[in-house]
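Chemist: Attaching a single structure in structure tokens format; questions to follow.
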Amino acid sequence: MDFFQVFIELAQSTVRVSTPLILAALAGLFTERAGVFDIGLEGKMLGAAFAAGTVAFLTQSVAMGLGAAILVSVLLSLVHGYASITQRGSQIVSGVAINFVVAGSTVILGEAWFRQGGRTPALMESGRFGTIKLPFADALREVPILGPLYSNLLSGHSPLTYLAFLMVPASWWILYRTRFGLRLRAVGENPGAVDTAGISVIWLRYRAVICCGILCGIAGAYLSLAANAGFTKGMTAGKGYIALAALIFAKWRPKNILFACLLFGFLDAFAIRYQGYAFPLIGKVPVQLMQALPYILTVILLAGFIGKAIPPKAGGVPYVKER
Amino acid sequence: MSELAIELKGIDKSFGLVHANRNINLKVRKGTIHGIIGENGAGKSTLMSILYGFYQADHGDIVIDGKTIKIRDPNAAIAAGIGMVHQHFMLVENFTVLENIMLGAEESQILNASITKARAELKRLEKDYALEVDPDAVIEELPVGLQQRVEILKALYRRADILILDEPTGVLTPAEADHLFRILEQLKAEGKTVLLITHKLREIMAITDEVSVMRRGEMVATRTTKDTSVEELAELMVGRRVLLRVEKGEAKPADVKLSVKNLTVRDSRGVTMVDDVSFDIRAGEIVGIAGVAGNGQSELLEAISGIRRAKSGTVSLNGSAIDVTGHVDPAELRKRGLAHVPEDRHHVGLVLKFEESENAILGYHDDPKYRKGLLLDVDAIRADAEEKIAAYDIRPPNPRLKTANFSGGNQQKIVLAREMERGPDVLIIGQPTRGVDVGAIEFIHKRIIEMRDQGKAVLLVSVELDEIRALSDRILVMFAGRVVGERMPDATEGELGLLMAGVEGRKEAAE
């Protein structure tokens with residue numbers, strides 16, 4: 001196969017695999033920048049994927065599926081918010097609890113409702129996101145180099161993929177160009193400054209957590225309504241954790257998140273394509289090693305190559321007015 | 001002008017069993033600088049937090065400009081024209097000056113318009129009050145003096161007419177403090193009312209028009225500053241006569257006990273905090289290290305006491321070297337005659353959840369006299385604690401009480417008793433009276449002098465210049481990690497202040 005075609009195909013699947021990562025990492029960006037660490041991205045995405053699969057099957061409506069996904073994810077976010085903002089509990093424990101509860105309950109509910117081993121029934125076309133064909137995609141396909149780039153790489157993705165990529169500049173704009181963003185970043189650094197300026201720390205953090213829920217919900221819906229035709233158990237397969245790694249790797253900045261997610265997405269796409277492939281000189285690389293690559297890379301890069309990733313200063317600490 | 005800016009009537013506030021404010025009445029006249037003085041824990045900060053809406057009073061009324069108002073949150077305080085400069089600055093460190101000033105007072109949902117407006121307004125404030133600061137500078141890169149200026153600008157930007165400053169000079173050099181006072185004078189001239197909270201008598205005398213004294217949650221007196229004296233205020237604060245000057249005789253320095261040569265220490269980020277520092281301390285003398293907090297004093301103490309590894313240099317104790325660049329066991333140093341009263345007693349000096357007797361032997365618990373076979377000899381430990389409690393007048397005199405329940409001064413006495421009663425050859429003390437009330441300060445100072453007179457070598461680090469001058473036989477000034485000058489204790493405050501600000505030292509080093 002010629003090199004260019006391999007490149008296009010790898011790039012295409014990189015974009016597909018990166019989509020949920022970008023959405024989830026941006027979700028994490030909103031809450032962590034506000035000082036609420038969220039290890040529960042994985043659980044929220046999984047819960048959203050299940051809700052999307054179930055509701056889309058029952059209603060045969062992709063919009064309803066997406067709505068249900070966002071609703072479930074926001075509710076889970078509010079649970080995390082209640083535990084860690086209002087009750088000032090441990091943000092890590094709350095996040096882990098959400099991951100476990102969702103991992104278990106999606107299987108139980110799925111089995112009880114559909115009896116397909118924790119899956120939701122396969123969706124028809126009407127219950128799934130189609131792909132968007134950009135204008136002239138067919139006409140331009142034959143143009144050398146640019147044609148395949150436009151028609152196969154830029155065109156032909158799910159609307160949620162385009163949304164994910166648009167959310168990167170949008171998140172940057174919200175965080176750095178609006179009053180809400182200024183306050184949100186401030187509350188993650190020094191909630192005392194926000195409180196003394198007469199702004200409610202609690203309400204601000206809840207809004208951040210809700211933003212996180214919405215984005216995680218879209219990420220989950222992408223998994224069961226666009227990347228697949230329905231929910232399968234444990235279908236997030238650690239994507240929430242990879243998104244978290246990407247967030248740290250990106251030093252909590254929107255533009256970096258895009259590149260980090262594309263990099264991790266590429267590694268994943270590469271691992272899928274070259275499973276069991278014998279490389280020259282190295283021979284066969286175990287699948288597990290390939291799948292572990294994003295994590296190994298994070299550890300190595302964080303250990304010195306990208307400099308220190310400084311988290312938001314008040315991250316992980318519940319706000320208590322000091323006496 | 002006799003109009004009142006603030007009137008507090010019968011303010012009362014309890015936190016659980018602690019009665020922080022009891023029936024407080026206070027009148028502050030418009031256009032004056034009004035001082036509030038009192039020991040730590042006297043309730044000054046609580047009272048100001050009530051005024052700024054951080055807490056709600058259980059009883060009592062707040063009258064601002066003749067109108068009784070309810071201040072439910074800082075928003076209401078801001079609306080009533082009250083601004084506050086907190087002891088720990090309420091700034092977002094990685095934001096710019098402009099962003100910090102705007103935060104919470106943005107004009108619109110989208111920032112651009114607010115930024116333009118804030119920039120113009122800031123220009124005007126700078127001009128009116130001579131408060132220059134670069135609006136695009138990032139806070140963490142500014143010296144503390146300028147950070148405080150940003151806090152003041154924040155209040156003025158919100159059109160505050162009443163400005164509360166909570167212990168504003170704690171982090172400033174004497175020169176910066178003088179500058180702050182000039183700013184306050186100017187604010188007063190513009191008709192603003194300033195409330196200055198402090199425990200430093202000198203500042204009260206220097207700048208206020210009137211002063212109110214708080215003691216144990218009560219407002220005990222209000223005086224016109226020019227009709228009162230430091231002695232009277234000190235007595236009102238403590239409730240009894242206090243000796244403000246420590247009596248001490250000539251030092252009789254003998255052999256060198258602690259010798260530090262070319263010591264260089266880096267902090268965890270790799271920044272050089274102690275830079276090629278050398279000095280000797282002899283038996284029977286107190287060497288004081290003066291400097292603004294954060295100029296390497298902490299790292300110096302940590303390196304000498306074996307808590308932090310030094311980059312290079314040598315330290316010798318009683319003539320034999322300590323491996324400061326390699327692995328040092330602090331327990332080993334104790335055995336060799338070095339005792340250390342750490343700067344931060346809460347995090348390093350004490351385990352607050354332990355009972356008093358346990359803290360009284362912390363670090364010395366492997367001494368056979370506290371041991372009975374494999375177990376600790378609890379009776380011996382408590383008996384030992386009781387002796388120290390008696391000798392150091394630690395209150396309440398209960399060795400089984402949880403350490404967190406002692407006041408700051410008594411906690412410090414627990415640490416001092418533990419380290420001093422061992423009879424070390426070298427005593428290293430960091431911030432001996434931080435968060436300690438005036439009565440206990442007197443006691444602690446006497447003890448330190450006694451140690452010296454018993455022939456111990458004492459290294460004293462303090463950010464309180466008065467304390468350094470009162471106790472030391474020689475003063476070393478640290479600035480940016482270097483010892484920039486050595487002076488005798490009769491050096492003037494101005495002279496030391498210039499050294500602390502790094503102004504004089506550079507010249508001296510160049511010579």
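We label chains A, B, ... in the order they appear in the structure tokens, count residues from 1 in each chain, and number ligands from 1 in the order shown.
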Using only C-alpha atoms, find each residue in stretch 236-261 of chain B having at least one atom no more than 12 Å away from stretch 300-310 of chain B; report its shortest atom-to-atom pair and that distance in Å (one decimal), rows by chain then rising number, as CSV.

Modeler:
residue,atom,partner,partner_atom,distance
B:Leu258,CA,B:Ile304,CA,9.5
B:Ser259,CA,B:Ile304,CA,10.0
B:Val260,CA,B:Ile304,CA,8.4
B:Lys261,CA,B:Ile304,CA,11.1

Chemist: Can you write out the residues you just picked, keeping C-alpha atoms, as a compact mmCIF listing (two decimals), in the first residue's frame?

Modeler:
# COMPACT_ATOMS: atom_id res chain seq x y z
CA LEU B 258 29.21 26.56 65.19
CA SER B 259 31.12 27.42 62.06
CA VAL B 260 29.45 27.81 58.68
CA LYS B 261 31.67 28.13 55.60

Chemist: Compile the residues of chain A that lie within 12 Å of chain B, evaluated using only C-alpha atoms, and express the compilation as a count of residues only.

Modeler: 41

Chemist: Nearest residue to A:Ser155 out of A:Ala309, A:Ile8, A:Met235, A:Thr298, using only C-alpha atoms?

Modeler: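 Looking only at the distances to A:Ser155, the closest residue turns out to be A:Ile8.
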
Chemist: Would you mind listing what lies within 8 Å of B:Arg29 as a count of residues only, with only C-alpha atoms counted and same-chain residues fewer than 2 positions away left out?

Modeler: 10

Chemist: Any idea what's packed within 8 Å of B:Ile289, counting only C-alpha atoms, ignoring anything in its chain fewer than 3 positions away? Could you give it as a count of residues only?

Modeler: 10

Chemist: With only C-alpha atoms as the counted atoms, please give the residues lying no more than 12 Å from B:Arg422, apart from itself and same-chain residues fewer than 6 positions off, as a list in words.

Modeler: Arg334, Lys335, Arg336, Gly337, Leu338, Ala339, His340, Ala360, Ile361, Gly363, Tyr364, Asp367, Asp384, Lys388, Val415, Leu416, Met451 and Lys456 of chain B

Chemist: Would you write out those residues with N, CA and C atoms, as a PDB file, in the first residue's frame?

Modeler:
ATOM      1  N   ARG B 334      21.272  16.239  67.295  1.00  0.00           N
ATOM      2  CA  ARG B 334      20.814  16.522  68.656  1.00  0.00           C
ATOM      3  C   ARG B 334      21.760  15.919  69.665  1.00  0.00           C
ATOM      4  N   LYS B 335      22.177  14.675  69.404  1.00  0.00           N
ATOM      5  CA  LYS B 335      23.094  14.004  70.332  1.00  0.00           C
ATOM      6  C   LYS B 335      24.414  14.761  70.418  1.00  0.00           C
ATOM      7  N   ARG B 336      24.778  15.391  69.310  1.00  0.00           N
ATOM      8  CA  ARG B 336      26.063  16.107  69.297  1.00  0.00           C
ATOM      9  C   ARG B 336      25.942  17.516  69.865  1.00  0.00           C
ATOM     10  N   GLY B 337      24.764  17.882  70.338  1.00  0.00           N
ATOM     11  CA  GLY B 337      24.651  19.146  71.069  1.00  0.00           C
ATOM     12  C   GLY B 337      24.026  20.290  70.299  1.00  0.00           C
ATOM     13  N   LEU B 338      23.245  19.961  69.253  1.00  0.00           N
ATOM     14  CA  LEU B 338      22.583  21.027  68.518  1.00  0.00           C
ATOM     15  C   LEU B 338      21.071  20.924  68.749  1.00  0.00           C
ATOM     16  N   ALA B 339      20.481  21.986  69.212  1.00  0.00           N
ATOM     17  CA  ALA B 339      19.035  21.982  69.384  1.00  0.00           C
ATOM     18  C   ALA B 339      18.435  22.985  68.409  1.00  0.00           C
ATOM     19  N   HIS B 340      17.216  22.695  67.955  1.00  0.00           N
ATOM     20  CA  HIS B 340      16.619  23.502  66.893  1.00  0.00           C
ATOM     21  C   HIS B 340      15.165  23.822  67.235  1.00  0.00           C
ATOM     22  N   ALA B 360       6.465  17.199  74.299  1.00  0.00           N
ATOM     23  CA  ALA B 360       7.576  17.668  75.124  1.00  0.00           C
ATOM     24  C   ALA B 360       8.803  16.776  74.988  1.00  0.00           C
ATOM     25  N   ILE B 361       8.646  15.567  74.421  1.00  0.00           N
ATOM     26  CA  ILE B 361       9.822  14.699  74.246  1.00  0.00           C
ATOM     27  C   ILE B 361      10.053  14.381  72.771  1.00  0.00           C
ATOM     28  N   GLY B 363      11.323  13.796  69.360  1.00  0.00           N
ATOM     29  CA  GLY B 363      12.696  13.819  68.870  1.00  0.00           C
ATOM     30  C   GLY B 363      13.692  13.313  69.898  1.00  0.00           C
ATOM     31  N   TYR B 364      13.270  13.234  71.149  1.00  0.00           N
ATOM     32  CA  TYR B 364      14.150  12.712  72.200  1.00  0.00           C
ATOM     33  C   TYR B 364      13.546  11.452  72.782  1.00  0.00           C
ATOM     34  N   ASP B 367      15.477   8.376  74.172  1.00  0.00           N
ATOM     35  CA  ASP B 367      16.276   8.494  75.386  1.00  0.00           C
ATOM     36  C   ASP B 367      15.844   7.389  76.369  1.00  0.00           C
ATOM     37  N   ASP B 384       8.194  14.294  83.529  1.00  0.00           N
ATOM     38  CA  ASP B 384       9.142  15.191  82.878  1.00  0.00           C
ATOM     39  C   ASP B 384       8.407  16.418  82.312  1.00  0.00           C
ATOM     40  N   LYS B 388       8.686  20.628  83.160  1.00  0.00           N
ATOM     41  CA  LYS B 388       8.858  21.690  82.166  1.00  0.00           C
ATOM     42  C   LYS B 388       7.707  22.673  82.209  1.00  0.00           C
ATOM     43  N   VAL B 415       7.839  23.951  72.824  1.00  0.00           N
ATOM     44  CA  VAL B 415       8.986  23.656  71.967  1.00  0.00           C
ATOM     45  C   VAL B 415      10.279  24.154  72.617  1.00  0.00           C
ATOM     46  N   LEU B 416      10.237  25.383  73.136  1.00  0.00           N
ATOM     47  CA  LEU B 416      11.440  25.944  73.759  1.00  0.00           C
ATOM     48  C   LEU B 416      11.888  25.102  74.948  1.00  0.00           C
ATOM     49  N   MET B 451      20.142  31.460  78.203  1.00  0.00           N
ATOM     50  CA  MET B 451      20.911  30.425  77.502  1.00  0.00           C
ATOM     51  C   MET B 451      22.290  30.971  77.140  1.00  0.00           C
ATOM     52  N   LYS B 456      25.943  29.146  76.041  1.00  0.00           N
ATOM     53  CA  LYS B 456      25.506  28.469  74.814  1.00  0.00           C
ATOM     54  C   LYS B 456      25.716  29.417  73.629  1.00  0.00           C
TER      55      LYS B 456
END

Chemist: Just the residues within 6 Å of B:Ile162, please, counting only C-alpha atoms, with nothing from its chain fewer than 4 positions along; format it as a list in words.

Modeler: Ile82, Lys192, Thr193 and Val194 of chain B

Chemist: Could you save those same residues with N, CA and C atoms as a PDB file, in the first residue's frame?

Modeler:
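So result.pdb came out as:
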ATOM      1  N   ILE B  82     -16.754  49.701  51.748  1.00  0.00           N
ATOM      2  CA  ILE B  82     -15.688  49.173  52.595  1.00  0.00           C
ATOM      3  C   ILE B  82     -14.749  48.320  51.752  1.00  0.00           C
ATOM      4  N   LYS B 192     -10.526  59.663  52.867  1.00  0.00           N
ATOM      5  CA  LYS B 192     -10.856  58.263  53.146  1.00  0.00           C
ATOM      6  C   LYS B 192     -10.605  57.976  54.629  1.00  0.00           C
ATOM      7  N   THR B 193     -11.317  56.958  55.108  1.00  0.00           N
ATOM      8  CA  THR B 193     -11.131  56.531  56.487  1.00  0.00           C
ATOM      9  C   THR B 193     -10.309  55.247  56.469  1.00  0.00           C
ATOM     10  N   VAL B 194      -9.295  55.174  57.316  1.00  0.00           N
ATOM     11  CA  VAL B 194      -8.435  53.991  57.321  1.00  0.00           C
ATOM     12  C   VAL B 194      -8.504  53.315  58.690  1.00  0.00           C
TER      13      VAL B 194
END

Chemist: Excluding same-chain residues fewer than 3 positions from A:Ala226, what lies within 9 Å of it counting only C-alpha atoms, as JSON, numbers by chain?

Modeler: {"A": [128, 129, 130, 131, 158, 159, 160, 221, 222, 223, 229, 230]}

Chemist: Just write the chosen residues, C-alpha atoms, as a PDB file, in the first residue's frame.

Modeler:
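And here's again.pdb as it stands now:
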ATOM      1  CA  ARG A 128     -27.080   7.049  15.231  1.00  0.00           C
ATOM      2  CA  PHE A 129     -25.130  10.070  14.173  1.00  0.00           C
ATOM      3  CA  GLY A 130     -24.469   9.984  10.455  1.00  0.00           C
ATOM      4  CA  THR A 131     -21.454  11.526   8.833  1.00  0.00           C
ATOM      5  CA  SER A 158     -19.644  12.619  12.632  1.00  0.00           C
ATOM      6  CA  PRO A 159     -21.046  16.041  13.565  1.00  0.00           C
ATOM      7  CA  LEU A 160     -19.782  15.409  17.096  1.00  0.00           C
ATOM      8  CA  ALA A 221     -22.786   9.930  23.262  1.00  0.00           C
ATOM      9  CA  TYR A 222     -20.084   9.924  20.604  1.00  0.00           C
ATOM     10  CA  LEU A 223     -18.935   6.494  21.752  1.00  0.00           C
ATOM     11  CA  ALA A 229     -23.986   1.362  17.076  1.00  0.00           C
ATOM     12  CA  GLY A 230     -24.960   1.032  20.702  1.00  0.00           C
TER      13      GLY A 230
END

Chemist: Quick one: distance from atom CA of A:Ile282 to atom CA of A:Leu301 in Å, one decimal?

Modeler: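 Straight-line distance from atom CA of A:Ile282 to atom CA of A:Leu301 works out to 23.1 Å.
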
Chemist: Run DSSP on the backbone of this structure and report the residues of stretch 94-272 of chain A it assigns to helix (DSSP H, G or I), as JSON, numbers by chain.

Modeler: {"A": [94, 95, 96, 97, 98, 99, 100, 101, 102, 103, 104, 105, 106, 107, 108, 109, 110, 111, 112, 113, 114, 125, 126, 127, 137, 138, 139, 140, 146, 147, 148, 149, 150, 151, 152, 153, 154, 159, 160, 161, 162, 163, 164, 165, 166, 167, 168, 169, 170, 171, 172, 173, 174, 175, 176, 177, 179, 180, 181, 182, 183, 184, 185, 186, 187, 188, 189, 191, 192, 193, 194, 195, 196, 201, 202, 203, 204, 205, 206, 207, 208, 209, 210, 211, 212, 213, 214, 215, 216, 217, 218, 219, 220, 221, 222, 223, 224, 225, 226, 227, 239, 240, 241, 242, 243, 244, 245, 246, 247, 248, 249, 254, 255, 256, 257, 258, 259, 260, 261, 262, 263, 264, 265, 266, 267, 268, 269, 270, 271, 272]}

Chemist: Give me a file of those residues, with C-alpha atoms, as a compact mmCIF listing (two decimals), in the first residue's frame.

Modeler:
# COMPACT_ATOMS: atom_id res chain seq x y z
CA SER A 94 -15.69 10.85 45.00
CA GLY A 95 -14.34 10.51 41.44
CA VAL A 96 -13.26 6.92 41.94
CA ALA A 97 -16.62 6.08 43.50
CA ILE A 98 -18.41 7.44 40.44
CA ASN A 99 -16.24 5.32 38.16
CA PHE A 100 -17.04 2.17 40.09
CA VAL A 101 -20.73 2.81 40.50
CA VAL A 102 -21.17 3.52 36.80
CA ALA A 103 -19.03 0.60 35.65
CA GLY A 104 -21.19 -1.75 37.70
CA SER A 105 -24.63 -0.27 37.28
CA THR A 106 -24.48 0.10 33.47
CA VAL A 107 -23.93 -3.64 33.17
CA ILE A 108 -26.62 -4.51 35.70
CA LEU A 109 -29.21 -2.19 34.18
CA GLY A 110 -28.26 -3.19 30.63
CA GLU A 111 -28.61 -6.87 31.46
CA ALA A 112 -31.88 -6.35 33.31
CA TRP A 113 -33.45 -4.30 30.54
CA PHE A 114 -32.11 -5.87 27.36
CA GLU A 125 -29.50 4.45 11.23
CA SER A 126 -32.07 6.80 12.78
CA GLY A 127 -30.66 6.24 16.25
CA ALA A 137 -16.09 16.09 -1.32
CA ASP A 138 -16.90 13.66 -4.12
CA ALA A 139 -15.90 16.01 -6.89
CA LEU A 140 -12.52 16.78 -5.39
CA LEU A 146 -5.24 17.70 -1.69
CA GLY A 147 -8.23 15.68 -2.88
CA PRO A 148 -7.84 12.76 -0.50
CA LEU A 149 -6.85 15.16 2.29
CA TYR A 150 -10.06 17.10 1.85
CA SER A 151 -12.45 14.33 0.98
CA ASN A 152 -11.19 11.56 3.24
CA LEU A 153 -9.60 13.40 6.13
CA LEU A 154 -11.55 16.62 6.52
CA PRO A 159 -21.05 16.04 13.57
CA LEU A 160 -19.78 15.41 17.10
CA THR A 161 -16.24 15.21 15.77
CA TYR A 162 -16.54 18.63 14.20
CA LEU A 163 -18.09 19.86 17.42
CA ALA A 164 -15.18 18.48 19.47
CA PHE A 165 -12.62 20.27 17.33
CA LEU A 166 -14.62 23.50 17.45
CA MET A 167 -14.87 23.23 21.21
CA VAL A 168 -11.11 23.72 21.52
CA PRO A 169 -11.07 27.39 20.41
CA ALA A 170 -14.48 27.87 22.02
CA SER A 171 -13.18 26.68 25.39
CA TRP A 172 -10.17 28.93 25.04
CA TRP A 173 -12.45 31.88 24.31
CA ILE A 174 -14.69 31.12 27.28
CA LEU A 175 -11.78 30.70 29.70
CA TYR A 176 -9.70 33.63 28.58
CA ARG A 177 -12.09 36.12 27.08
CA ARG A 179 -15.97 37.15 32.78
CA PHE A 180 -17.06 33.61 33.62
CA GLY A 181 -13.69 32.28 32.45
CA LEU A 182 -11.70 34.85 34.39
CA ARG A 183 -13.57 34.00 37.56
CA LEU A 184 -13.36 30.28 36.90
CA ARG A 185 -9.58 30.41 36.52
CA ALA A 186 -9.34 32.61 39.61
CA VAL A 187 -11.31 30.21 41.76
CA GLY A 188 -8.93 27.41 40.84
CA GLU A 189 -5.94 29.44 41.90
CA PRO A 191 -10.72 30.91 46.00
CA GLY A 192 -10.10 33.39 48.81
CA ALA A 193 -9.56 36.13 46.23
CA VAL A 194 -12.85 35.25 44.57
CA ASP A 195 -14.73 35.14 47.85
CA THR A 196 -13.40 38.48 49.05
CA VAL A 201 -17.04 30.26 45.28
CA ILE A 202 -19.55 27.45 45.57
CA TRP A 203 -21.87 28.52 42.77
CA LEU A 204 -18.91 29.22 40.50
CA ARG A 205 -17.48 25.75 41.09
CA TYR A 206 -20.86 24.15 40.51
CA ARG A 207 -21.13 25.90 37.15
CA ALA A 208 -17.67 24.61 36.24
CA VAL A 209 -18.67 21.09 37.21
CA ILE A 210 -21.83 21.36 35.08
CA CYS A 211 -19.75 22.44 32.06
CA CYS A 212 -17.66 19.34 32.65
CA GLY A 213 -20.80 17.20 32.75
CA ILE A 214 -22.08 18.55 29.44
CA LEU A 215 -18.81 17.88 27.62
CA CYS A 216 -18.43 14.40 29.13
CA GLY A 217 -21.99 13.68 28.09
CA ILE A 218 -21.21 14.55 24.46
CA ALA A 219 -18.07 12.41 24.65
CA GLY A 220 -20.12 9.46 25.92
CA ALA A 221 -22.79 9.93 23.26
CA TYR A 222 -20.08 9.92 20.60
CA LEU A 223 -18.93 6.49 21.75
CA SER A 224 -22.30 4.76 21.59
CA LEU A 225 -24.07 6.77 18.88
CA ALA A 226 -21.30 7.69 16.45
CA ALA A 227 -18.23 5.48 16.88
CA LYS A 239 -10.40 6.85 27.67
CA GLY A 240 -11.30 8.99 30.66
CA TYR A 241 -7.93 8.30 32.20
CA ILE A 242 -6.12 8.99 28.93
CA ALA A 243 -8.01 12.29 28.72
CA LEU A 244 -6.83 13.08 32.23
CA ALA A 245 -3.27 12.27 31.25
CA ALA A 246 -3.66 14.48 28.17
CA LEU A 247 -4.92 17.29 30.38
CA ILE A 248 -1.86 17.15 32.62
CA PHE A 249 0.40 16.66 29.62
CA PRO A 254 -6.87 24.31 25.56
CA LYS A 255 -4.51 24.45 22.57
CA ASN A 256 -2.13 21.94 24.11
CA ILE A 257 -5.06 19.66 24.84
CA LEU A 258 -5.81 19.42 21.13
CA PHE A 259 -2.26 18.32 20.36
CA ALA A 260 -1.98 16.00 23.35
CA CYS A 261 -5.23 14.27 22.42
CA LEU A 262 -4.23 13.97 18.78
CA LEU A 263 -0.93 12.45 19.86
CA PHE A 264 -2.59 9.94 22.16
CA GLY A 265 -5.24 9.28 19.54
CA PHE A 266 -2.53 8.63 16.99
CA LEU A 267 -0.77 6.16 19.28
CA ASP A 268 -4.07 4.38 19.75
CA ALA A 269 -4.84 4.35 16.05
CA PHE A 270 -1.32 3.10 15.36
CA ALA A 271 -1.68 0.36 17.96
CA ILE A 272 -4.97 -0.81 16.44

Chemist: For each of B:Leu427, B:Ile381, B:Ile183, B:Leu142, take the minimum atom-to-atom distance to B:Glu126, counting only C-alpha atoms, then give the residue where this is smallest.

Modeler: B:Ile183

Chemist: So that I can check the secondary structure, give me every residue of stretch 86-314 of chain A assigned strand (DSSP E or B) by backbone DSSP, as a list in words.

Modeler: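 After running DSSP on the backbone, stretch 86-314 of chain A has strand (DSSP E or B) at Ile132, His157, Thr178, Ala278, Phe279, Gly283 and Lys284 of chain A.
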
Chemist: Would you mind exporting N, CA and C atoms of the selected residues as a short mmCIF file (atom, residue, chain, number, x, y, z; two decimals), in the first residue's frame?

Modeler:
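again24.cif, written as the output of this step:
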data_model
loop_
_atom_site.label_atom_id
_atom_site.label_comp_id
_atom_site.auth_asym_id
_atom_site.auth_seq_id
_atom_site.Cartn_x
_atom_site.Cartn_y
_atom_site.Cartn_z
N ILE A 132 -21.00 13.74 8.11
CA ILE A 132 -21.23 14.96 7.34
C ILE A 132 -20.29 14.95 6.15
N HIS A 157 -16.87 12.98 8.67
CA HIS A 157 -16.88 12.63 10.08
C HIS A 157 -18.25 12.90 10.68
N THR A 178 -13.92 35.70 28.64
CA THR A 178 -15.19 36.08 29.26
C THR A 178 -15.01 36.24 30.77
N ALA A 278 4.54 -7.45 12.18
CA ALA A 278 5.96 -7.62 12.48
C ALA A 278 6.76 -6.44 11.94
N PHE A 279 7.30 -5.65 12.80
CA PHE A 279 8.07 -4.48 12.38
C PHE A 279 9.46 -4.92 11.93
N GLY A 283 10.49 -6.81 15.18
CA GLY A 283 9.60 -7.97 15.18
C GLY A 283 8.25 -7.60 15.73
N LYS A 284 7.54 -8.59 16.25
CA LYS A 284 6.19 -8.33 16.75
C LYS A 284 6.22 -7.60 18.09
#

Chemist: Of the candidates B:Asn398, B:Thr272, B:Leu26, B:Arg371, which one gets nearest to B:Gly296 if we count only C-alpha atoms?

Modeler: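 Using only C-alpha atoms, the shortest distance to B:Gly296 belongs to B:Thr272.
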
Chemist: To one decimal place, how far is atom CA of A:Arg33 from atom CA of A:Gly315 in Å?

Modeler: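 These two atoms are separated by 7.6 Å.
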